[in-house]
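Undergrad: Okay, handing you the structure first.
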Amino acid sequence: MSVRHLHVDWEHYHRMIERLALQVHASGYRFDSLLCLARGGLRVGDVISRLFEVPLAILATSSYRAAAGTEQGTLDIAEYITTTGGELHGNLLLVDDLVDSGVTLARVVDHLRGRFPALREVRTAVLWYKAASTVRPDYFVQHLADSPWIHQPFEEYDTLRPHQLAARLRSQGDAAAPTAAAQGRA
C-alpha cells in the first residue's frame, strides 16, 4: 500500500494556524492555560498565545525520532512543563500540529488530568486530524481521510546541518553567511 504525501509550504502552514485560532475563538471557549506539545505544536502554540494573550506552556513529547523523524517509536513525555504563567489550571487548550494515531494526544490528556487537579476542562486543537486517529480533537482545520504523510515546511531542518546551511546561504548570495574558516572559530 502506498502512502500519499501532503506537502505544505510556509504560507499555507501559517494560514492553517490562523484558521485554527479563529475556530477556537468562534467556539467561545475561554481558556485559562495554553499548552503546546513540542516540537510540532510550538509554532501553533506561539501564534495562539500571541492572539489570545495567554502565556504559553510547553511540554516536550517525542515518539518520531528514527529515520529523520519518520518512524514512530515509544512515546516519551517530559517530566516538567516550561511556563511563565504559573501552574496549569482552569480551562486548558492543548495544541499540537496534528493527531496521527491519537496515542500522543490521549496519553498527554491522561497525564495532565493526573498531575494537575486544578484543571477543569481540557480541549484539544490541531491543524490536521488524520482518519487513522483513535482520538478526535475538539478543534481541527483539516480532516485527512487517507492519513497522508505530512511534509511541513520546517522539516528541511531535520537533515540540514549548520555547514550545509552556510553553504546554501552563500550559494544564494548571502554575504553574511559564515565561511568555512569562520565556522571553525569558537
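In the C-alpha cells, chains take the letters A, B, ... in the order shown, each chain's residues start at 1, and ligands count up from 1 in the order shown.
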At most 12 Å is the cut-off: for each residue in region 82-113 of chain A with any atom that close to an atom of region 148-171 of chain A, write down the nearest atom pair and the distance in Å rounded to one decimal, counting only C-alpha atoms, chain first then increasing number, as a Markdown table.

TA:
| residue | atom | partner | partner_atom | distance |
| --- | --- | --- | --- | --- |
| A:Asp97 | CA | A:Gln152 | CA | 9.5 |
| A:Leu98 | CA | A:Ile150 | CA | 9.2 |
| A:Val99 | CA | A:Ile150 | CA | 11.2 |
| A:Asp100 | CA | A:Trp149 | CA | 9.3 |
| A:Ser101 | CA | A:Pro148 | CA | 11.9 |

Undergrad: Write down as a ChimeraX atom specification the residues belonging to region 79-168 of chain A that are assigned strand (DSSP E) by DSSP computed on the backbone.

TA: /A:90-99,119-130,139-144,149-151

Undergrad: Could you turn the residues from that selection into a file that holds N, CA, C and O atoms, as a tab-separated table (two decimals), in the first residue's frame?

TA:
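And here's selection_6.tsv as it stands now:
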chain	number	residue	atom	x	y	z
A	90	GLY	N	-7.72	25.69	35.62
A	90	GLY	CA	-8.94	26.10	34.92
A	90	GLY	C	-9.14	25.36	33.62
A	90	GLY	O	-8.94	24.15	33.53
A	91	ASN	N	-9.54	26.10	32.61
A	91	ASN	CA	-9.74	25.53	31.28
A	91	ASN	C	-8.42	25.57	30.52
A	91	ASN	O	-7.77	26.61	30.44
A	92	LEU	N	-8.06	24.44	29.95
A	92	LEU	CA	-6.80	24.31	29.22
A	92	LEU	C	-7.05	24.05	27.75
A	92	LEU	O	-7.90	23.21	27.40
A	93	LEU	N	-6.33	24.75	26.90
A	93	LEU	CA	-6.31	24.43	25.47
A	93	LEU	C	-4.96	23.78	25.19
A	93	LEU	O	-3.90	24.38	25.42
A	94	LEU	N	-5.00	22.54	24.73
A	94	LEU	CA	-3.81	21.76	24.40
A	94	LEU	C	-3.67	21.76	22.89
A	94	LEU	O	-4.59	21.33	22.18
A	95	VAL	N	-2.54	22.26	22.37
A	95	VAL	CA	-2.36	22.37	20.91
A	95	VAL	C	-1.16	21.56	20.43
A	95	VAL	O	-0.16	21.40	21.13
A	96	ASP	N	-1.33	21.04	19.23
A	96	ASP	CA	-0.26	20.33	18.53
A	96	ASP	C	-0.46	20.55	17.04
A	96	ASP	O	-1.48	21.11	16.63
A	97	ASP	N	0.49	20.11	16.25
A	97	ASP	CA	0.34	20.29	14.81
A	97	ASP	C	-0.66	19.31	14.22
A	97	ASP	O	-1.46	19.66	13.38
A	98	LEU	N	-0.63	18.05	14.70
A	98	LEU	CA	-1.52	17.06	14.11
A	98	LEU	C	-1.81	15.94	15.10
A	98	LEU	O	-1.11	15.78	16.10
A	99	VAL	N	-2.86	15.21	14.81
A	99	VAL	CA	-3.13	13.98	15.53
A	99	VAL	C	-3.07	12.88	14.48
A	99	VAL	O	-3.77	12.92	13.48
A	119	LEU	N	-7.13	21.58	36.90
A	119	LEU	CA	-7.70	21.68	35.55
A	119	LEU	C	-9.18	21.30	35.59
A	119	LEU	O	-9.53	20.24	36.09
A	120	ARG	N	-10.04	22.18	35.07
A	120	ARG	CA	-11.46	21.89	34.99
A	120	ARG	C	-11.80	21.17	33.70
A	120	ARG	O	-12.56	20.21	33.68
A	121	GLU	N	-11.27	21.69	32.60
A	121	GLU	CA	-11.60	21.14	31.29
A	121	GLU	C	-10.36	21.20	30.40
A	121	GLU	O	-9.60	22.17	30.46
A	122	VAL	N	-10.17	20.18	29.59
A	122	VAL	CA	-9.08	20.14	28.62
A	122	VAL	C	-9.69	19.97	27.24
A	122	VAL	O	-10.43	19.02	27.00
A	123	ARG	N	-9.39	20.93	26.36
A	123	ARG	CA	-9.81	20.81	24.97
A	123	ARG	C	-8.55	20.76	24.10
A	123	ARG	O	-7.54	21.36	24.45
A	124	THR	N	-8.67	20.07	22.98
A	124	THR	CA	-7.52	19.86	22.10
A	124	THR	C	-7.74	20.55	20.76
A	124	THR	O	-8.86	20.60	20.25
A	125	ALA	N	-6.64	21.06	20.19
A	125	ALA	CA	-6.70	21.75	18.90
A	125	ALA	C	-5.47	21.38	18.07
A	125	ALA	O	-4.34	21.46	18.56
A	126	VAL	N	-5.72	20.98	16.84
A	126	VAL	CA	-4.63	20.60	15.92
A	126	VAL	C	-4.94	21.15	14.53
A	126	VAL	O	-6.08	21.47	14.22
A	127	LEU	N	-3.91	21.21	13.71
A	127	LEU	CA	-4.11	21.62	12.32
A	127	LEU	C	-4.71	20.48	11.51
A	127	LEU	O	-5.66	20.67	10.77
A	128	TRP	N	-4.11	19.29	11.65
A	128	TRP	CA	-4.53	18.14	10.85
A	128	TRP	C	-5.00	17.00	11.75
A	128	TRP	O	-4.33	16.63	12.70
A	129	TYR	N	-6.14	16.44	11.41
A	129	TYR	CA	-6.73	15.31	12.10
A	129	TYR	C	-6.80	14.16	11.11
A	129	TYR	O	-7.58	14.20	10.16
A	130	LYS	N	-5.96	13.17	11.32
A	130	LYS	CA	-5.91	12.03	10.41
A	130	LYS	C	-6.98	11.01	10.77
A	130	LYS	O	-7.24	10.75	11.95
A	139	TYR	N	-10.90	20.73	18.18
A	139	TYR	CA	-10.77	21.69	17.08
A	139	TYR	C	-9.73	21.16	16.11
A	139	TYR	O	-8.67	20.69	16.53
A	140	PHE	N	-10.03	21.25	14.83
A	140	PHE	CA	-9.05	20.89	13.80
A	140	PHE	C	-9.41	21.65	12.53
A	140	PHE	O	-10.58	21.99	12.30
A	141	VAL	N	-8.40	21.93	11.72
A	141	VAL	CA	-8.64	22.68	10.50
A	141	VAL	C	-8.96	21.74	9.34
A	141	VAL	O	-9.85	22.00	8.55
A	142	GLN	N	-8.24	20.64	9.25
A	142	GLN	CA	-8.44	19.74	8.11
A	142	GLN	C	-8.47	18.29	8.56
A	142	GLN	O	-7.56	17.83	9.25
A	143	HIS	N	-9.53	17.59	8.15
A	143	HIS	CA	-9.62	16.14	8.38
A	143	HIS	C	-9.04	15.46	7.15
A	143	HIS	O	-9.42	15.78	6.02
A	144	LEU	N	-8.11	14.54	7.37
A	144	LEU	CA	-7.44	13.84	6.28
A	144	LEU	C	-7.92	12.40	6.24
A	144	LEU	O	-7.45	11.56	7.02
A	149	TRP	N	1.20	11.21	4.73
A	149	TRP	CA	2.38	11.69	5.45
A	149	TRP	C	2.47	13.18	5.15
A	149	TRP	O	2.46	13.59	3.99
A	150	ILE	N	2.53	14.01	6.19
A	150	ILE	CA	2.53	15.46	6.02
A	150	ILE	C	3.97	15.96	6.09
A	150	ILE	O	4.68	15.71	7.06
A	151	HIS	N	4.38	16.67	5.04
A	151	HIS	CA	5.71	17.29	4.98
A	151	HIS	C	5.54	18.77	5.31
A	151	HIS	O	5.04	19.54	4.49

Undergrad: Need to verify the contact set: Glu18 (chain A), 9 Å, only C-alpha atoms, exclusion of same-chain residues closer than 5 positions in sequence. Can you return it as a list of chain:residue names?

TA: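 Surrounding residues, per the criterion: A:Tyr13, A:Gln23, A:Val44, A:Val47, A:Ile48.
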
Undergrad: With DSSP run on the backbone, what are the helix (DSSP H, G or I) residues within chain A? I'd like them as a ChimeraX atom specification.

TA: /A:10-27,42-52,66-69,103-115,153-158,162-171,180-184

Undergrad: Would you mind listing what lies within 7 Å of Val135 (chain A) as a CSV table (one decimal) with N, CA, C and O atoms, in the first residue's frame, with only C-alpha atoms counted and same-chain residues fewer than 2 positions away left out?

TA:
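The new file result03.csv reads:
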chain,number,residue,atom,x,y,z
A,102,GLY,N,-3.3,9.1,17.5
A,102,GLY,CA,-4.1,9.5,18.6
A,102,GLY,C,-3.4,9.1,19.9
A,102,GLY,O,-3.8,9.6,21.0
A,106,ALA,N,-4.0,11.3,23.5
A,106,ALA,CA,-4.7,10.6,24.6
A,106,ALA,C,-3.8,10.5,25.8
A,106,ALA,O,-4.3,10.7,26.9
A,133,SER,N,-6.6,8.2,13.4
A,133,SER,CA,-6.5,8.6,14.8
A,133,SER,C,-7.7,7.9,15.6
A,133,SER,O,-8.8,7.9,15.2
A,137,PRO,N,-9.9,15.4,18.0
A,137,PRO,CA,-9.6,16.6,18.7
A,137,PRO,C,-10.9,17.5,18.7
A,137,PRO,O,-11.8,17.4,17.8

Undergrad: Report as a ChimeraX atom specification all protein, DNA and RNA residues lying within 12 Å of Arg39 (chain A), evaluated on only C-alpha atoms, omitting residues in the same chain fewer than 2 positions from it.

TA: /A:35-37,41-46,58-65,69,77-78,95-98,154-155,158

Undergrad: Mind pulling up the distance from CA of Thr104 (chain A) to CA of Phe31 (chain A)?

TA: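 Between CA of Phe31 (chain A) and CA of Thr104 (chain A) the gap is 21.1 Å.
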
Undergrad: Which residue is closest to Leu112 (chain A)? Choose from A:Arg4, A:Arg50, A:Gly28, A:Ile81 and count only C-alpha atoms.

TA: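 Among the listed residues, A:Ile81 lies closest to Leu112 (chain A).
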